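Structure file work23.pdb (PDB, C-alpha atoms) follows.
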ATOM      1  CA  MET C   1      21.042  26.684 -19.224
ATOM      2  CA  SER C   2      18.732  28.012 -21.954
ATOM      3  CA  THR C   3      14.977  28.418 -21.775
ATOM      4  CA  LEU C   4      12.806  27.250 -24.645
ATOM      5  CA  THR C   5       9.329  28.815 -24.599
ATOM      6  CA  VAL C   6       6.590  26.858 -26.384
ATOM      7  CA  SER C   7       2.856  26.309 -26.079
ATOM      8  CA  ASN C   8       2.745  22.733 -27.454
ATOM      9  CA  ILE C   9       5.166  19.821 -27.514
ATOM     10  CA  LYS C  10       5.448  16.614 -29.485
ATOM     11  CA  ALA C  11       7.860  13.807 -28.646
ATOM     12  CA  THR C  12       9.947  12.203 -31.367
ATOM     13  CA  GLY C  13       7.872   9.477 -33.026
ATOM     14  CA  GLU C  14       4.503  10.811 -31.811
ATOM     15  CA  THR C  15       1.902  11.967 -34.324
ATOM     16  CA  ALA C  16      -0.023  14.293 -32.014
ATOM     17  CA  SER C  17       1.170  17.273 -30.039
ATOM     18  CA  ARG C  18      -0.104  18.286 -26.610
ATOM     19  CA  ALA C  19      -0.266  21.449 -24.579
ATOM     20  CA  VAL C  20       2.722  22.082 -22.343
ATOM     21  CA  SER C  21       0.244  22.786 -19.522
ATOM     22  CA  GLY C  22      -0.758  19.106 -19.647
ATOM     23  CA  VAL C  23       2.749  17.918 -18.777
ATOM     24  CA  ALA C  24       3.458  17.222 -15.100
ATOM     25  CA  ALA C  25       5.156  20.167 -13.397
ATOM     26  CA  ALA C  26       6.423  17.926 -10.579
ATOM     27  CA  TRP C  27       6.427  14.246  -9.663
ATOM     28  CA  VAL C  28       8.070  11.930  -7.163
ATOM     29  CA  ASN C  29       8.475   8.225  -6.408
ATOM     30  CA  PHE C  30       9.705   7.658  -2.858
ATOM     31  CA  ASN C  31      10.304   5.061  -0.170
ATOM     32  CA  GLY C  32       7.955   5.766   2.749
ATOM     33  CA  THR C  33       9.412   3.287   5.244
ATOM     34  CA  GLY C  34      12.336   3.605   7.655
ATOM     35  CA  THR C  35      14.497   6.487   6.476
ATOM     36  CA  ILE C  36      12.352   7.950   3.715
ATOM     37  CA  ALA C  37      14.114   8.619   0.424
ATOM     38  CA  VAL C  38      13.350   9.887  -3.061
ATOM     39  CA  ARG C  39      13.919   7.233  -5.735
ATOM     40  CA  ASN C  40      13.344   9.614  -8.634
ATOM     41  CA  SER C  41      11.662  12.983  -9.051
ATOM     42  CA  LEU C  42      11.170  16.215 -10.954
ATOM     43  CA  ASN C  43      10.803  19.604  -9.204
ATOM     44  CA  ILE C  44      10.968  18.048  -5.717
ATOM     45  CA  SER C  45      13.483  19.590  -3.305
ATOM     46  CA  SER C  46      13.012  17.269  -0.336
ATOM     47  CA  LEU C  47      10.723  15.076   1.753
ATOM     48  CA  THR C  48       9.860  15.466   5.410
ATOM     49  CA  ASP C  49       8.830  12.464   7.530
ATOM     50  CA  LEU C  50       6.063  13.685   9.857
ATOM     51  CA  GLY C  51       5.414  10.343  11.550
ATOM     52  CA  THR C  52       3.854   7.025  10.599
ATOM     53  CA  GLY C  53       2.396   7.277   7.087
ATOM     54  CA  GLN C  54       2.617  11.084   6.970
ATOM     55  CA  TYR C  55       4.920  13.108   4.757
ATOM     56  CA  ASN C  56       5.516  16.589   3.362
ATOM     57  CA  VAL C  57       6.596  16.726  -0.270
ATOM     58  CA  ASN C  58       8.505  19.989  -0.769
ATOM     59  CA  TYR C  59       8.666  21.538  -4.255
ATOM     60  CA  SER C  60      11.819  23.036  -5.792
ATOM     61  CA  ASN C  61       9.747  25.630  -7.671
ATOM     62  CA  SER C  62       6.496  27.016  -6.264
ATOM     63  CA  PHE C  63       3.139  26.733  -7.992
ATOM     64  CA  SER C  64       0.974  29.722  -8.842
ATOM     65  CA  GLY C  65      -2.780  29.623  -8.744
ATOM     66  CA  ASP C  66      -4.558  26.287  -8.791
ATOM     67  CA  TYR C  67      -2.959  22.928  -9.350
ATOM     68  CA  SER C  68      -3.963  19.288  -9.275
ATOM     69  CA  VAL C  69      -2.273  16.608  -7.176
ATOM     70  CA  THR C  70      -2.608  12.855  -7.542
ATOM     71  CA  ALA C  71      -0.851  10.428  -5.196
ATOM     72  CA  TRP C  72      -1.093   6.718  -4.553
ATOM     73  CA  PRO C  73       0.707   3.973  -2.654
ATOM     74  CA  SER C  74       2.001   1.189  -4.905
ATOM     75  CA  ASP C  75       2.030  -1.426  -2.137
ATOM     76  CA  ALA C  76      -0.633  -4.122  -2.482
ATOM     77  CA  GLY C  77      -3.537  -3.793  -0.089
ATOM     78  CA  TYR C  78      -3.220  -0.068   0.590
ATOM     79  CA  GLY C  79      -6.334   1.743  -0.446
ATOM     80  CA  GLY C  80      -5.951   5.445  -0.041
ATOM     81  CA  VAL C  81      -3.989   8.622   0.144
ATOM     82  CA  ALA C  82      -5.296  11.832   1.664
ATOM     83  CA  PHE C  83      -4.062  15.376   1.180
ATOM     84  CA  PHE C  84      -4.326  18.051   3.781
ATOM     85  CA  ASN C  85      -2.799  21.473   4.112
ATOM     86  CA  ASN C  86      -4.016  23.734   6.882
ATOM     87  CA  ASN C  87      -1.898  26.701   5.815
ATOM     88  CA  ALA C  88      -2.943  28.246   2.495
ATOM     89  CA  ASP C  89       0.352  30.166   2.289
ATOM     90  CA  LEU C  90       2.288  26.905   2.025
ATOM     91  CA  ILE C  91       0.112  25.025  -0.471
ATOM     92  CA  SER C  92       2.142  26.357  -3.415
ATOM     93  CA  THR C  93       5.460  25.177  -1.921
ATOM     94  CA  ARG C  94       4.671  21.785  -0.385
ATOM     95  CA  ASN C  95       1.973  19.179   0.003
ATOM     96  CA  TYR C  96       1.033  16.952   2.932
ATOM     97  CA  ILE C  97       0.347  13.254   2.225
ATOM     98  CA  ALA C  98      -1.128  10.682   4.581
ATOM     99  CA  VAL C  99      -1.362   7.032   3.489
ATOM    100  CA  PHE C 100      -4.151   4.839   4.846
ATOM    101  CA  PRO C 101      -4.322   1.009   4.630
ATOM    102  CA  ASN C 102      -7.941   1.119   3.435
ATOM    103  CA  SER C 103     -10.852   3.504   3.025
ATOM    104  CA  GLY C 104     -12.198   2.798   6.524
ATOM    105  CA  SER C 105      -8.915   3.354   8.357
ATOM    106  CA  THR C 106      -8.228   6.465  10.424
ATOM    107  CA  ASN C 107      -4.596   5.567  11.231
ATOM    108  CA  PRO C 108      -1.931   6.302   8.603
ATOM    109  CA  ALA C 109       0.600   3.552   7.781
ATOM    110  CA  ASP C 110       4.107   3.526   6.277
ATOM    111  CA  VAL C 111       4.375   1.991   2.816
ATOM    112  CA  ASN C 112       7.353   1.086   0.652
ATOM    113  CA  THR C 113       6.407   3.009  -2.486
ATOM    114  CA  ILE C 114       4.480   6.277  -2.782
ATOM    115  CA  ASN C 115       3.980   8.182  -6.036
ATOM    116  CA  GLU C 116       2.783  11.762  -6.480
ATOM    117  CA  THR C 117       2.184  13.774  -9.670
ATOM    118  CA  ILE C 118       1.380  17.480  -9.751
ATOM    119  CA  HIS C 119      -0.046  19.376 -12.746
ATOM    120  CA  GLY C 120      -0.319  23.152 -12.757
ATOM    121  CA  ASP C 121       1.456  26.414 -13.459
ATOM    122  CA  LEU C 122       4.766  27.169 -11.806
ATOM    123  CA  ALA C 123       5.238  30.583 -10.205
TER
END
Rewrite the coordinates I just gave you, this time as structure tokens.
Amino acid sequence: MSTLTVSNIKATGETASRAVSGVAAAWVNFNGTGTIAVRNSLNISSLTDLGTGQYNVNYSNSFSGDYSVTAWPSDAGYGGVAFFNNNADLISTRNYIAVFPNSGSTNPADVNTINETIHGDLA
């Protein structure tokens, strides 16, 4: 496999280019019920089911420095996703997700579809 090094990209048919750093470095769409499973992903090595509504998303390639994570449940009626990681050494290699039915809930819940997108620099 070859490596192409660029600072900006432009898709065929687009008129504007954008910085490569603005393109997602990892993303995943997964089933969070029963036996959890990745539907489609980029730079995701595996998922770990930690219990009801709680998951680790493990990255294929680590992140360096700061990065931004956005996640959301696609199921109707579910209002929130929380991120926690109590071990700073692991934050570049995986992320913890907990899905809550609504903003006032303290008990995570399994949902059918969870999406996560990560922007940042790979190590």
Give me the residues near Asp110 in chain C as a ChimeraX atom specification, where near means some atom within 9 Å (using all atoms listed in the file) and where sequence neighbours in that chain fewer than 4 positions away do not count.
/C:32-34,51-54,99-101
Do a neighbour search on range 114-122 of chain C at 6 Å with all atoms listed in the file, toss out local chain neighbours closer than 5 positions, and write the hits as a PyMOL selection string.
chain C and resi 24-30+62-64+67-73
From C:Val23, C:Ile97, C:Ile36, C:Ala11, residue lying nearest Tyr55 in chain C [all atoms listed in the file]
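Answer, going by the shortest atom-to-atom distance: C:Ile97.
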In Å, rounded to a single decimal, give me how far CA of Val20 in chain C is from CA of Val6 in chain C.
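Computed distance, CA of Val6 in chain C to CA of Val20 in chain C, equals 7.4 Å.
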Point-to-point distance from CA of Ser74 in chain C to CA of Thr113 in chain C, Å rounded to tenths
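These two atoms are separated by 5.3 Å.
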What's the separation between CA of Ser60 in chain C and CA of Ile44 in chain C, in Å to one decimal place?
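Distance between the two atoms: 5.1 Å.
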Let me know the residues the PyMOL selection byres ((chain C and resi 45) around 9) catches in the file above, as a ChimeraX atom specification.
/C:41-44,46-47,57-61
Residues as selected, C-alpha atoms, written as an mmCIF file, in the coordinates of the input, can you do that?
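After the write, part.cif holds the following:
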data_model
loop_
_atom_site.group_PDB
_atom_site.id
_atom_site.type_symbol
_atom_site.label_atom_id
_atom_site.label_comp_id
_atom_site.auth_asym_id
_atom_site.auth_seq_id
_atom_site.Cartn_x
_atom_site.Cartn_y
_atom_site.Cartn_z
ATOM 1 C CA SER C 41 11.662 12.983 -9.051
ATOM 2 C CA LEU C 42 11.170 16.215 -10.954
ATOM 3 C CA ASN C 43 10.803 19.604 -9.204
ATOM 4 C CA ILE C 44 10.968 18.048 -5.717
ATOM 5 C CA SER C 46 13.012 17.269 -0.336
ATOM 6 C CA LEU C 47 10.723 15.076 1.753
ATOM 7 C CA VAL C 57 6.596 16.726 -0.270
ATOM 8 C CA ASN C 58 8.505 19.989 -0.769
ATOM 9 C CA TYR C 59 8.666 21.538 -4.255
ATOM 10 C CA SER C 60 11.819 23.036 -5.792
ATOM 11 C CA ASN C 61 9.747 25.630 -7.671
#
Out of C:Ser92, C:Asn40, C:Thr35, C:Thr48, which residue has the shortest atom-to-atom distance to Gly65 in chain C when counting all atoms listed in the file?
C:Ser92
Looking at C:Arg39, C:Asp49, C:Ser7, C:Ala123, which one is nearest to Tyr96 in chain C, with distances taken over only C-alpha atoms?
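Smallest separation from Tyr96 in chain C among the options: C:Asp49.
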Size and centre in Å, one decimal, axis-aligned box, all listed range 40-50 of chain C atoms plus 8 Å per side, as JSON:
{"center_x": 9.8, "center_y": 14.6, "center_z": -0.5, "size_x": 23.4, "size_y": 26.0, "size_z": 36.8}
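For the set C:Gly104, C:Ala98, C:Asn112, C:Asn56, the residue with the smallest atom-to-atom gap to Asp75 in chain C is C:Asn112, counting only C-alpha atoms.
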I'd like the neighbourhood of Ile9 in chain C as an NGL selection string, where a residue qualifies if any of its atoms comes within 7 Å (using all atoms listed in the file), though same-chain residues fewer than 4 positions away should be ignored.
:C and (17-20)
